[in-house]
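A.B. asks: Below is final_33.txt; it holds compact mmCIF, C-alpha atoms.
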```
# COMPACT_ATOMS: atom_id res chain seq x y z
CA MET A 131 23.11 -14.27 -3.47
CA PRO A 132 23.91 -15.66 -0.02
CA VAL A 133 21.30 -17.33 2.19
CA ASN A 134 21.17 -14.14 4.29
CA SER A 135 19.86 -12.24 1.27
CA LEU A 136 17.23 -14.89 0.68
CA LEU A 137 16.23 -14.61 4.34
CA PHE A 138 16.10 -10.81 4.01
CA PHE A 139 13.87 -11.16 0.95
CA ILE A 140 11.54 -13.59 2.77
CA LEU A 141 11.36 -11.24 5.74
CA LYS A 142 10.38 -8.39 3.40
CA VAL A 143 7.66 -10.60 1.90
CA PHE A 144 6.28 -11.26 5.39
CA LEU A 145 6.36 -7.53 6.16
CA PHE A 146 4.49 -6.61 2.98
CA LEU A 147 2.01 -9.48 3.23
CA PRO A 148 -0.29 -7.98 5.96
CA VAL A 149 -0.39 -4.63 4.11
CA CYS A 150 -1.27 -6.38 0.85
CA TYR A 151 -3.97 -8.44 2.56
CA TRP A 152 -5.43 -5.24 4.02
CA GLY A 153 -5.48 -3.52 0.61
CA TRP A 154 -6.90 -6.62 -1.10
CA TYR A 155 -9.72 -6.92 1.43
CA ALA A 156 -10.41 -3.16 1.45
CA LEU A 157 -10.87 -3.24 -2.34
CA ALA A 158 -12.69 -6.59 -2.38
CA GLU A 159 -16.09 -5.09 -3.19
CA LEU A 160 -14.66 -3.16 -6.13
CA SER A 161 -12.85 -6.20 -7.54
CA THR A 162 -16.00 -8.30 -7.11
CA ALA A 163 -18.05 -5.64 -8.93
CA ILE A 164 -15.61 -5.70 -11.86
CA ALA A 165 -15.61 -9.52 -11.92
CA VAL A 166 -19.43 -9.57 -11.85
CA TYR A 167 -19.54 -7.00 -14.68
CA TRP A 168 -17.75 -9.51 -16.95
CA ALA A 169 -18.99 -12.81 -15.49
CA GLU A 170 -22.70 -11.97 -15.78
CA PRO A 171 -22.85 -11.47 -19.59
CA LEU A 172 -20.47 -14.40 -20.04
CA LEU A 173 -22.70 -16.81 -18.11
CA GLN A 174 -25.86 -15.38 -19.71
CA SER A 175 -24.43 -15.84 -23.19
CA LEU A 176 -23.50 -19.46 -22.37
CA PHE A 177 -26.85 -20.35 -20.77
CA PRO A 178 -29.36 -17.60 -21.68
CA ALA A 179 -32.38 -19.63 -20.54
CA LEU A 180 -30.82 -20.53 -17.22
CA ILE A 181 -28.76 -17.65 -15.81
CA SER A 182 -30.93 -14.73 -14.79
CA SER A 183 -28.44 -12.37 -13.14
CA ILE A 184 -25.59 -12.08 -10.66
CA GLU A 185 -26.34 -10.11 -7.53
CA GLN A 186 -23.56 -8.62 -5.44
CA MET A 187 -23.74 -8.36 -1.64
CA GLY A 188 -20.55 -6.78 -0.37
CA TYR A 189 -17.70 -8.88 -1.69
CA ARG A 190 -19.93 -11.94 -2.05
CA VAL A 191 -22.19 -12.72 -5.00
CA GLU A 192 -25.23 -14.83 -5.75
CA VAL A 193 -25.64 -16.24 -9.23
CA ILE A 194 -29.38 -16.36 -9.85
CA ALA A 195 -30.55 -19.28 -11.99
CA GLU A 196 -34.09 -19.79 -13.27
CA VAL A 197 -34.96 -23.42 -12.69
CA THR A 198 -37.84 -25.65 -13.72
CA VAL A 199 -40.19 -26.81 -10.99
CA PRO A 200 -43.56 -28.56 -11.11
CA ALA A 201 -46.25 -26.04 -12.14
CA GLN A 202 -48.28 -26.53 -8.95
CA ASP A 203 -45.31 -25.32 -6.87
CA VAL A 204 -45.10 -21.94 -8.59
CA ARG A 205 -47.73 -19.22 -8.57
CA LYS A 206 -48.91 -17.98 -11.93
CA GLY A 207 -46.63 -15.31 -13.38
CA MET A 208 -43.72 -16.24 -11.12
CA VAL A 209 -40.50 -18.08 -11.91
CA ALA A 210 -38.52 -20.32 -9.62
CA GLU A 211 -35.08 -18.91 -8.87
CA LEU A 212 -32.12 -20.76 -7.46
CA PRO A 213 -29.55 -18.47 -5.83
CA ILE A 214 -26.02 -19.88 -5.92
CA PRO A 215 -23.77 -18.18 -3.36
CA VAL A 216 -20.17 -17.68 -4.45
CA ASN A 217 -17.30 -16.09 -2.52
CA PRO A 218 -15.02 -14.60 -5.22
CA LEU A 219 -12.26 -13.93 -2.68
CA ILE A 220 -11.42 -17.64 -2.48
CA TYR A 221 -10.23 -17.28 -6.09
CA SER A 222 -8.03 -14.25 -5.46
CA TYR A 223 -6.30 -15.00 -2.16
CA GLY A 224 -3.07 -15.32 -4.12
CA LEU A 225 -3.16 -11.63 -5.11
CA PRO A 226 -1.78 -10.37 -1.75
CA LEU A 227 1.05 -12.91 -2.05
CA ALA A 228 1.79 -11.81 -5.63
CA LEU A 229 1.86 -8.14 -4.58
CA ALA A 230 4.04 -8.89 -1.53
CA LEU A 231 6.53 -10.82 -3.69
CA ILE A 232 6.65 -7.95 -6.20
CA LEU A 233 7.06 -5.27 -3.51
CA ALA A 234 9.78 -7.28 -1.76
CA SER A 235 11.76 -7.53 -5.01
CA PRO A 236 14.10 -4.75 -6.22
CA PHE A 237 12.01 -1.61 -6.77
CA ASN A 238 11.68 0.01 -10.16
CA PHE A 239 8.65 2.27 -10.47
CA VAL A 240 7.66 1.27 -14.01
CA LYS A 241 8.36 -2.45 -13.60
CA THR A 242 6.84 -2.71 -10.12
CA THR A 243 3.69 -0.82 -11.16
CA ARG A 244 3.35 -2.87 -14.35
CA CYS A 245 3.75 -6.16 -12.49
CA MET A 246 1.21 -5.13 -9.85
CA LEU A 247 -1.33 -4.10 -12.50
CA ILE A 248 -0.80 -7.35 -14.41
CA SER A 249 -1.28 -9.33 -11.17
CA ILE A 250 -4.54 -7.50 -10.42
CA LEU A 251 -5.77 -8.10 -13.97
CA VAL A 252 -4.86 -11.80 -13.91
CA PHE A 253 -6.61 -12.32 -10.58
CA LEU A 254 -9.72 -10.55 -11.87
CA LEU A 255 -9.74 -13.12 -14.69
CA ILE A 256 -9.35 -15.94 -12.14
CA GLN A 257 -12.27 -14.50 -10.14
CA ILE A 258 -14.41 -14.48 -13.29
CA TRP A 259 -13.30 -18.07 -13.97
CA GLY A 260 -14.20 -19.04 -10.40
CA ILE A 261 -17.63 -17.40 -10.40
CA CYS A 262 -18.52 -19.06 -13.71
CA PHE A 263 -17.23 -22.56 -12.96
CA GLU A 264 -18.47 -22.68 -9.36
CA SER A 265 -21.99 -21.69 -10.37
CA LEU A 266 -21.95 -24.17 -13.28
CA LYS A 267 -20.65 -26.87 -10.91
CA VAL A 268 -23.51 -26.25 -8.49
CA LEU A 269 -26.07 -26.17 -11.31
CA PHE A 270 -24.98 -29.16 -13.36
CA LEU A 271 -23.24 -31.40 -10.82
CA GLN A 272 -25.12 -30.76 -7.57
CA THR A 273 -28.61 -29.68 -8.54
CA PRO A 274 -31.24 -32.38 -9.17
CA PRO A 275 -31.45 -32.90 -12.95
CA GLU A 276 -35.24 -32.45 -12.98
CA LEU A 277 -34.73 -28.78 -12.09
CA LEU A 278 -32.67 -28.33 -15.25
CA ALA A 279 -35.08 -30.13 -17.54
CA ASN A 280 -34.51 -27.74 -20.39
CA ILE A 281 -30.74 -28.18 -20.53
CA ARG A 282 -28.78 -31.39 -21.03
CA LEU A 283 -24.99 -31.40 -21.07
CA LEU A 284 -22.83 -34.14 -22.53
CA PRO A 285 -20.58 -36.15 -20.17
CA TRP A 286 -17.41 -34.48 -21.50
CA GLN A 287 -18.97 -31.06 -20.87
CA LEU A 288 -19.68 -32.07 -17.26
CA ASP A 289 -16.05 -33.24 -16.98
CA ILE A 290 -14.86 -29.84 -18.26
CA ILE A 291 -17.01 -28.09 -15.63
CA ALA A 292 -15.66 -30.31 -12.84
CA LEU A 293 -12.04 -29.89 -13.95
CA GLY A 294 -12.47 -26.14 -14.51
CA TYR A 295 -13.91 -25.72 -11.03
CA GLN A 296 -11.16 -27.79 -9.38
CA LEU A 297 -8.48 -25.95 -11.34
CA GLY A 298 -9.94 -22.57 -10.36
CA ALA A 299 -10.39 -23.49 -6.71
CA LEU A 300 -7.22 -25.48 -6.03
CA ILE A 301 -4.51 -24.55 -8.49
CA LEU A 302 -4.92 -21.15 -10.20
CA PRO A 303 -5.12 -18.90 -7.10
CA ALA A 304 -2.18 -20.71 -5.51
CA VAL A 305 0.21 -21.08 -8.41
CA THR A 306 -0.45 -17.78 -10.23
CA PRO A 307 1.49 -15.49 -7.83
CA VAL A 308 4.51 -17.76 -8.15
CA ILE A 309 4.28 -17.86 -11.95
CA ILE A 310 3.90 -14.06 -12.23
CA TRP A 311 6.79 -13.40 -9.86
CA VAL A 312 9.15 -15.97 -11.40
CA TRP A 313 8.32 -14.71 -14.88
CA PHE A 314 8.94 -11.01 -14.21
CA TYR A 315 11.76 -11.34 -11.71
CA ARG A 316 13.85 -14.13 -13.21
CA ASP A 317 16.94 -11.89 -13.21
CA PHE A 318 16.45 -11.33 -9.48
CA ILE A 319 15.88 -15.04 -8.89
CA ALA A 320 19.12 -15.78 -10.73
CA ARG A 321 20.92 -14.14 -7.80
CA PHE A 322 19.63 -16.96 -5.59
CA ALA A 323 20.61 -19.72 -7.99
CA PRO A 324 24.13 -20.26 -9.30
CA ALA A 325 22.73 -22.75 -11.81
CA LEU A 326 20.36 -20.16 -13.24
CA ARG A 327 23.11 -17.51 -13.43
CA ARG A 328 25.28 -19.85 -15.43
CA LYS A 329 22.46 -20.60 -17.86
CA GLN A 330 21.88 -16.90 -18.57
CA MET B 766 13.13 -19.90 -19.10
CA TYR B 767 10.36 -20.24 -21.69
CA ARG B 768 11.01 -23.97 -21.83
CA PHE B 769 10.86 -24.15 -18.04
CA PHE B 770 7.45 -22.46 -17.99
CA PHE B 771 6.15 -24.62 -20.82
CA TYR B 772 7.21 -27.83 -19.05
CA PHE B 773 6.12 -26.53 -15.63
CA ILE B 774 2.56 -25.73 -16.75
CA GLY B 775 2.32 -28.94 -18.81
CA ILE B 776 3.55 -31.20 -15.99
CA GLN B 777 1.38 -29.33 -13.48
CA LEU B 778 -1.76 -29.90 -15.56
CA ILE B 779 -0.94 -33.58 -16.11
CA LEU B 780 -0.23 -34.20 -12.40
CA PHE B 781 -3.39 -32.32 -11.42
CA ALA B 782 -5.54 -34.32 -13.86
CA ILE B 783 -4.03 -37.57 -12.53
CA ALA B 784 -4.65 -36.51 -8.91
CA GLN B 785 -8.27 -35.66 -9.75
CA SER B 786 -9.00 -38.98 -11.43
CA ASN B 787 -11.32 -41.26 -9.47
CA ASN B 788 -8.89 -44.16 -9.05
CA VAL B 789 -6.06 -42.00 -7.74
CA HIS B 790 -8.43 -40.03 -5.54
CA ILE B 791 -9.95 -43.12 -3.93
CA ASN B 792 -6.80 -45.25 -3.66
CA ILE B 793 -4.14 -42.65 -2.91
CA ILE B 794 -5.46 -39.17 -2.04
CA ILE B 795 -8.14 -40.20 0.49
CA PRO B 796 -5.90 -42.72 2.38
CA PHE B 797 -3.12 -40.11 2.35
CA THR B 798 -5.50 -37.47 3.73
CA GLU B 799 -6.59 -39.90 6.45
CA MET B 800 -2.95 -40.48 7.30
CA ILE B 801 -2.41 -36.70 7.59
CA ALA B 802 -5.43 -36.55 9.94
CA HIS B 803 -4.00 -39.39 12.09
CA ILE B 804 -0.56 -37.75 12.25
CA SER B 805 -2.20 -34.44 13.24
CA VAL B 806 -4.11 -36.20 16.04
CA TRP B 807 -0.97 -38.04 17.14
CA ILE B 808 0.85 -34.69 17.48
CA VAL B 809 -2.09 -32.93 19.15
CA LYS B 810 -2.38 -35.76 21.72
CA PHE B 811 0.98 -34.70 23.16
CA PHE B 812 -0.75 -31.66 24.66
CA ASP B 813 -4.48 -32.38 24.27
CA ASP B 814 -5.99 -35.79 25.10
CA ASN B 815 -9.50 -34.89 23.99
CA VAL B 816 -8.89 -35.08 20.26
CA ILE B 817 -9.94 -37.99 18.07
CA SER B 818 -9.83 -38.65 14.33
CA GLN B 819 -12.43 -40.44 12.22
CA GLY B 820 -11.21 -40.83 8.65
CA VAL B 821 -10.44 -37.31 7.44
CA ILE B 822 -12.22 -35.68 10.41
CA LEU B 823 -10.46 -34.23 13.44
CA GLN B 824 -12.78 -33.90 16.41
CA GLN B 825 -12.64 -32.37 19.86
CA ALA B 826 -14.30 -35.07 21.96
CA GLU B 827 -15.51 -32.67 24.69
CA THR B 828 -17.14 -29.96 22.58
CA GLY B 829 -17.87 -31.99 19.45
CA PHE B 830 -16.13 -29.36 17.30
CA SER B 831 -14.63 -30.98 14.23
CA VAL B 832 -12.75 -30.11 11.07
CA SER B 833 -12.78 -32.19 7.91
CA ILE B 834 -9.62 -32.33 5.81
CA GLN B 835 -10.73 -31.99 2.20
CA SER B 836 -9.03 -31.63 -1.18
CA GLY B 837 -7.02 -28.43 -1.01
CA CYS B 838 -6.34 -28.95 2.71
CA ASN B 839 -4.08 -32.01 2.46
CA GLY B 840 -1.13 -30.21 0.87
CA VAL B 841 -1.27 -32.41 -2.23
CA GLU B 842 -1.78 -29.51 -4.65
CA ALA B 843 1.17 -27.61 -3.17
CA VAL B 844 3.36 -30.74 -3.45
CA LEU B 845 2.25 -31.15 -7.09
CA VAL B 846 3.31 -27.55 -7.84
CA LEU B 847 6.71 -28.24 -6.27
CA ILE B 848 7.14 -31.52 -8.16
CA ALA B 849 6.20 -29.82 -11.45
CA ALA B 850 8.68 -27.00 -10.84
CA MET B 851 11.54 -29.37 -9.94
CA LEU B 852 10.82 -31.72 -12.83
CA ALA B 853 10.59 -28.80 -15.25
CA PHE B 854 13.83 -27.15 -14.20
CA PRO B 855 16.87 -28.58 -15.98
CA SER B 856 18.83 -30.41 -13.28
CA PRO B 857 20.29 -33.88 -12.58
CA TRP B 858 17.72 -36.53 -11.68
CA LYS B 859 19.28 -37.20 -8.28
CA PHE B 860 18.78 -33.50 -7.38
CA LYS B 861 15.19 -33.66 -8.59
CA LEU B 862 14.50 -36.74 -6.47
CA TRP B 863 16.26 -35.30 -3.44
CA GLY B 864 14.37 -32.00 -3.84
CA ILE B 865 11.00 -33.68 -4.31
CA VAL B 866 11.39 -35.95 -1.26
CA THR B 867 12.70 -33.14 0.98
CA GLY B 868 10.13 -30.69 -0.38
CA PHE B 869 7.29 -33.15 0.16
CA PHE B 870 8.13 -33.49 3.86
CA ALA B 871 8.67 -29.74 4.27
CA VAL B 872 5.30 -28.90 2.69
CA GLU B 873 3.41 -31.58 4.59
CA LEU B 874 5.07 -30.58 7.87
CA LEU B 875 3.81 -27.01 7.44
CA ASN B 876 0.44 -28.39 6.33
CA ILE B 877 0.11 -30.33 9.58
CA VAL B 878 0.91 -27.10 11.45
CA ARG B 879 -1.85 -25.48 9.37
CA ILE B 880 -4.38 -28.21 10.20
CA ILE B 881 -3.63 -28.11 13.92
CA SER B 882 -3.69 -24.29 14.03
CA LEU B 883 -7.03 -24.24 12.15
CA PHE B 884 -8.45 -26.87 14.49
CA TYR B 885 -7.80 -24.61 17.48
CA LEU B 886 -8.62 -21.34 15.68
CA GLY B 887 -12.02 -22.78 14.81
CA GLN B 888 -12.76 -23.48 18.45
CA TRP B 889 -11.68 -19.98 19.42
CA ASN B 890 -13.12 -17.66 16.74
CA GLN B 891 -15.08 -18.64 13.64
CA ASP B 892 -14.31 -15.43 11.69
CA ILE B 893 -10.58 -15.74 12.22
CA PHE B 894 -10.83 -19.44 11.34
CA GLU B 895 -12.53 -18.54 8.04
CA TRP B 896 -9.89 -15.96 7.20
CA ALA B 897 -7.00 -18.22 8.13
CA HIS B 898 -8.52 -21.20 6.34
CA LEU B 899 -9.68 -19.56 3.12
CA TYR B 900 -7.10 -16.86 2.55
CA ILE B 901 -4.00 -16.79 4.75
CA TRP B 902 -2.80 -20.39 5.11
CA GLN B 903 -3.31 -21.08 1.41
CA ALA B 904 -0.91 -18.27 0.54
CA LEU B 905 1.57 -19.27 3.25
CA ILE B 906 1.71 -22.85 1.99
CA MET B 907 2.45 -21.58 -1.51
CA LEU B 908 5.09 -19.22 -0.13
CA ASP B 909 6.59 -22.28 1.57
CA VAL B 910 6.70 -24.05 -1.82
CA LEU B 911 8.40 -21.03 -3.38
CA ILE B 912 11.01 -20.81 -0.60
CA ILE B 913 11.77 -24.55 -0.87
CA PHE B 914 12.15 -24.17 -4.65
CA LEU B 915 14.48 -21.16 -4.25
CA LEU B 916 16.61 -23.02 -1.68
CA TRP B 917 16.72 -26.03 -3.99
CA LEU B 918 17.75 -23.80 -6.92
CA ARG B 919 20.44 -22.29 -4.76
CA LEU B 920 21.86 -25.71 -3.93
CA LEU B 921 22.04 -26.84 -7.56
CA PRO B 922 25.65 -27.11 -8.65
CA ALA B 923 26.51 -24.25 -11.01
CA LYS B 924 29.21 -25.97 -13.02
CA GLN B 925 26.88 -28.67 -14.29
CA ALA B 926 24.11 -26.26 -15.23
CA GLY B 927 23.14 -26.22 -18.86
CA THR B 928 25.05 -29.38 -19.68
CA ASP B 929 23.44 -32.30 -21.42
CA ASN B 930 23.58 -34.30 -18.19
CA TYR B 931 20.62 -32.28 -16.95
CA ALA B 932 17.24 -33.84 -17.40
CA SER B 933 14.17 -31.71 -17.82
```
Spit out the file's structure as structure tokens when you get a sec.
C.D. replies:
Amino acid sequence: MPVNSLLFFILKVFLFLPVCYWGWYALAELSTAIAVYWAEPLLQSLFPALISSIEQMGYRVEVIAEVTVPAQDVRKGMVAELPIPVNPLIYSYGLPLALALILASPFNFVKTTRCMLISILVFLLIQIWGICFESLKVLFLQTPPELLANIRLLPWQLDIIALGYQLGALILPAVTPVIIWVWFYRDFIARFAPALRRKQ
Amino acid sequence: MYRFFFYFIGIQLILFAIAQSNNVHINIIIPFTEMIAHISVWIVKFFDDNVISQGVILQQAETGFSVSIQSGCNGVEAVLVLIAAMLAFPSPWKFKLWGIVTGFFAVELLNIVRIISLFYLGQWNQDIFEWAHLYIWQALIMLDVLIIFLLWLRLLPAKQAGTDNYAS
């Protein structure tokens, strides 16, 4: 495929990108609701004494944790809650790019639809990952330990939380659209690369 | 292709873990981020004298508005993705090296454009700054990585492809 075709493809990506961003943002509340539906029981099963609930406000969420505070600071019959704000969209900003890459590639109804659905599903999983690891990062790495008196994590578990959070925030949303597109459109990519054509 | 993905994900995870380690972060990533901030200020000073940099912070001296360049904003992750892809793809070492060096400068050049644009967007409109910072520029940087990789793939010589001379 000549450079002109590559340029044409990139132009198509840039044309589809604003539309995909619009759709992604318009459906942000729905995707957050689905992510919360799965993230809440997951977090509660991991830390039943700590995670109370996840509350959704628009496309943003607050993970509510029950923390331990000195008895004199809490009225009788009340529990101390620590709300952890999380923006799930920062874990799915790659979805519009994935959709734009798919839509800019040769259209085939079944393949295009399947790839788009897989992208949406994968980014829902990344959002769940992000909600879980970001809230655990805030709880176990940024909250004073005396508030979490009932739970002690081992150093390697804290390392897993830190790495999981960094991976979810820095790598997964960015690299996933590229992986999905390269995986499903490798025949199309081969048109750009003589070396790849030869190998196939 | 399966082997490419296996190597790509493996190399990516290894590079990411190395970049996140304390020693590398303190001795390489932070000085590099400070250098990016200084270069951004140096470029901005061509048309705006009121900008200063303090470490990883870019500041408008008149208004006090500042942006801090953090992990995820220094282009390192995007460069790591590019390095992993080029190392994973079977190709001669000289093409890998040439692609990595060229790709590094191409990614960081766009990243400096991102930093400068965000610096001025933030002074103009906070909502647009948030959108551009959190959602749009991240995707554009990764699109830049993909385009560089596709151009690099296109320039790989076909007749040597698949031979044993290719390292992966």
A.B. asks: Can you work out which one of A:Ile232, A:Ile214, A:Leu297, A:Val191 has the shortest atom-to-atom distance to Ile250 in chain A, counting all atoms listed in the file?
C.D. replies: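 Of the candidates, the smallest distance to Ile250 in chain A is held by A:Ile232.
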A.B. asks: List every residue of chain B that has an atom at most 7 Å from any atom of chain A, giving for each one its closest atom pair and the distance in Å to one decimal, counting all atoms listed in the file, sorted by chain and then by ascending residue number, as a tab-separated table.
C.D. replies:
```
residue	atom	partner	partner_atom	distance
B:Gly837	CA	A:Leu300	CA	5.8
B:Glu842	CA	A:Ile301	CA	6.8
B:Leu899	CA	A:Ile220	CA	6.2
B:Tyr900	CA	A:Tyr223	CA	5.1
B:Ala904	CA	A:Gly224	CA	5.9
B:Met907	CA	A:Ala304	CA	6.2
B:Leu911	CA	A:Val308	CA	7.0
B:Leu915	CA	A:Phe322	CA	6.8
B:Leu918	CA	A:Ala323	CA	5.1
B:Arg919	CA	A:Ala323	CA	4.1
B:Leu921	CA	A:Ala325	CA	5.9
B:Pro922	CA	A:Ala325	CA	6.1
B:Ala923	CA	A:Ala325	CA	4.1
B:Ala926	CA	A:Ala325	CA	5.1
B:Gly927	CA	A:Lys329	CA	5.7
```
A.B. asks: Kindly give the distance, in Å, that separates CA of Ile906 in chain B and CA of Phe314 in chain A, rounded to a single decimal.
C.D. replies: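 Interatomic distance, CA of Ile906 in chain B to CA of Phe314 in chain A: 21.3 Å.
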A.B. asks: At a cut-off of 10 Å, using all atoms listed in the file, what residues contact Leu160 in chain A? Leave out same-chain residues fewer than 6 positions from it and give the result as a PyMOL selection string.
C.D. replies: chain A and resi 154+166+188-189
A.B. asks: Could I get the residues of range 823-917 of chain B with an atom no further than 12 Å from an atom of range 786-790 of chain B, each paired with its nearest atom pair and that distance in Å to one decimal, using all atoms listed in the file, sorted by chain and residue number, as a Markdown table?
C.D. replies:
```
| residue | atom | partner | partner_atom | distance |
| --- | --- | --- | --- | --- |
| B:Gln835 | CA | B:His790 | CA | 11.4 |
| B:Ser836 | CA | B:His790 | CA | 9.5 |
| B:Val841 | CA | B:His790 | CA | 11.0 |
```
A.B. asks: Closest to Leu778 in chain B among B:Leu862, B:Val878, B:Ala850, B:Ala897, using all atoms listed in the file?
C.D. replies: B:Ala850
A.B. asks: Would you mind listing what lies within 6 Å of Met851 in chain B as a list of chain:residue names, with all atoms listed in the file counted and same-chain residues fewer than 3 positions away left out?
C.D. replies: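 Everything that qualifies: B:Ile848, B:Phe854, B:Lys861.
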A.B. asks: Which residue out of B:Leu883, B:Ile774, B:Leu823, B:Val910 has the minimum interatomic distance to Trp896 in chain B when all atoms listed in the file are used?
C.D. replies: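 For Trp896 in chain B, the nearest of the candidates is B:Leu883.
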A.B. asks: As an exercise, work out the distance from CA of Trp259 in chain A to CA of Leu905 in chain B in Å and give it to one decimal place.
C.D. replies: 22.8 Å
A.B. asks: Just want the 12 Å neighbourhood of Val268 in chain A, counted on all atoms listed in the file, with same-chain residues fewer than 6 positions away dropped. Output as a ChimeraX atom specification.
C.D. replies: /A:192-195,212-216,260-262,274-275,278,288,291-292,295
A.B. asks: Which value, in Å to one decimal, gives the distance between CA of Leu886 in chain B and CA of Ile808 in chain B?
C.D. replies: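 It comes out at 16.5 Å.
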A.B. asks: Which one of A:Leu269, A:Val199, A:Ile310, A:Leu141 sits closest to Leu229 in chain A if you count only C-alpha atoms?
C.D. replies: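 Between A:Leu269, A:Val199, A:Ile310, A:Leu141, the residue approaching Leu229 in chain A most closely is A:Ile310.
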A.B. asks: Which residues come within 12 Å of Phe869 in chain B, counting all atoms listed in the file, excluding same-chain residues fewer than 2 positions away, as a PDB file with C-alpha atoms, in the frame of the given file?
C.D. replies:
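This is the output file out-v9.pdb:
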```
ATOM      1  CA  ASN B 839      -4.080 -32.010   2.460  1.00  0.00           C
ATOM      2  CA  GLY B 840      -1.130 -30.210   0.870  1.00  0.00           C
ATOM      3  CA  VAL B 841      -1.270 -32.410  -2.230  1.00  0.00           C
ATOM      4  CA  GLU B 842      -1.780 -29.510  -4.650  1.00  0.00           C
ATOM      5  CA  ALA B 843       1.170 -27.610  -3.170  1.00  0.00           C
ATOM      6  CA  VAL B 844       3.360 -30.740  -3.450  1.00  0.00           C
ATOM      7  CA  LEU B 845       2.250 -31.150  -7.090  1.00  0.00           C
ATOM      8  CA  VAL B 846       3.310 -27.550  -7.840  1.00  0.00           C
ATOM      9  CA  LEU B 847       6.710 -28.240  -6.270  1.00  0.00           C
ATOM     10  CA  ILE B 848       7.140 -31.520  -8.160  1.00  0.00           C
ATOM     11  CA  MET B 851      11.540 -29.370  -9.940  1.00  0.00           C
ATOM     12  CA  LYS B 861      15.190 -33.660  -8.590  1.00  0.00           C
ATOM     13  CA  LEU B 862      14.500 -36.740  -6.470  1.00  0.00           C
ATOM     14  CA  TRP B 863      16.260 -35.300  -3.440  1.00  0.00           C
ATOM     15  CA  GLY B 864      14.370 -32.000  -3.840  1.00  0.00           C
ATOM     16  CA  ILE B 865      11.000 -33.680  -4.310  1.00  0.00           C
ATOM     17  CA  VAL B 866      11.390 -35.950  -1.260  1.00  0.00           C
ATOM     18  CA  THR B 867      12.700 -33.140   0.980  1.00  0.00           C
ATOM     19  CA  ALA B 871       8.670 -29.740   4.270  1.00  0.00           C
ATOM     20  CA  VAL B 872       5.300 -28.900   2.690  1.00  0.00           C
ATOM     21  CA  GLU B 873       3.410 -31.580   4.590  1.00  0.00           C
ATOM     22  CA  LEU B 874       5.070 -30.580   7.870  1.00  0.00           C
ATOM     23  CA  LEU B 875       3.810 -27.010   7.440  1.00  0.00           C
ATOM     24  CA  ASN B 876       0.440 -28.390   6.330  1.00  0.00           C
ATOM     25  CA  ILE B 906       1.710 -22.850   1.990  1.00  0.00           C
ATOM     26  CA  ASP B 909       6.590 -22.280   1.570  1.00  0.00           C
ATOM     27  CA  VAL B 910       6.700 -24.050  -1.820  1.00  0.00           C
ATOM     28  CA  ILE B 913      11.770 -24.550  -0.870  1.00  0.00           C
ATOM     29  CA  PHE B 914      12.150 -24.170  -4.650  1.00  0.00           C
TER      30      PHE B 914
END
```
A.B. asks: Identify which of the residues B:Leu916, B:Val816, B:Cys838, B:Ile783 lies closest to Ile877 in chain B, counting all atoms listed in the file when measuring atom-to-atom distances.
C.D. replies: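 Of all the options, B:Cys838 lies closest to Ile877 in chain B.
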A.B. asks: Would you mind listing what lies within 12 Å of Lys241 in chain A as a list of chain:residue names, with only C-alpha atoms counted and same-chain residues fewer than 5 positions away left out?
C.D. replies: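 Counting only C-alpha atoms, the residues come to A:Ile232, A:Leu233, A:Ser235, A:Pro236, A:Met246, A:Leu247, A:Ile248, A:Trp311, A:Phe314, A:Tyr315.
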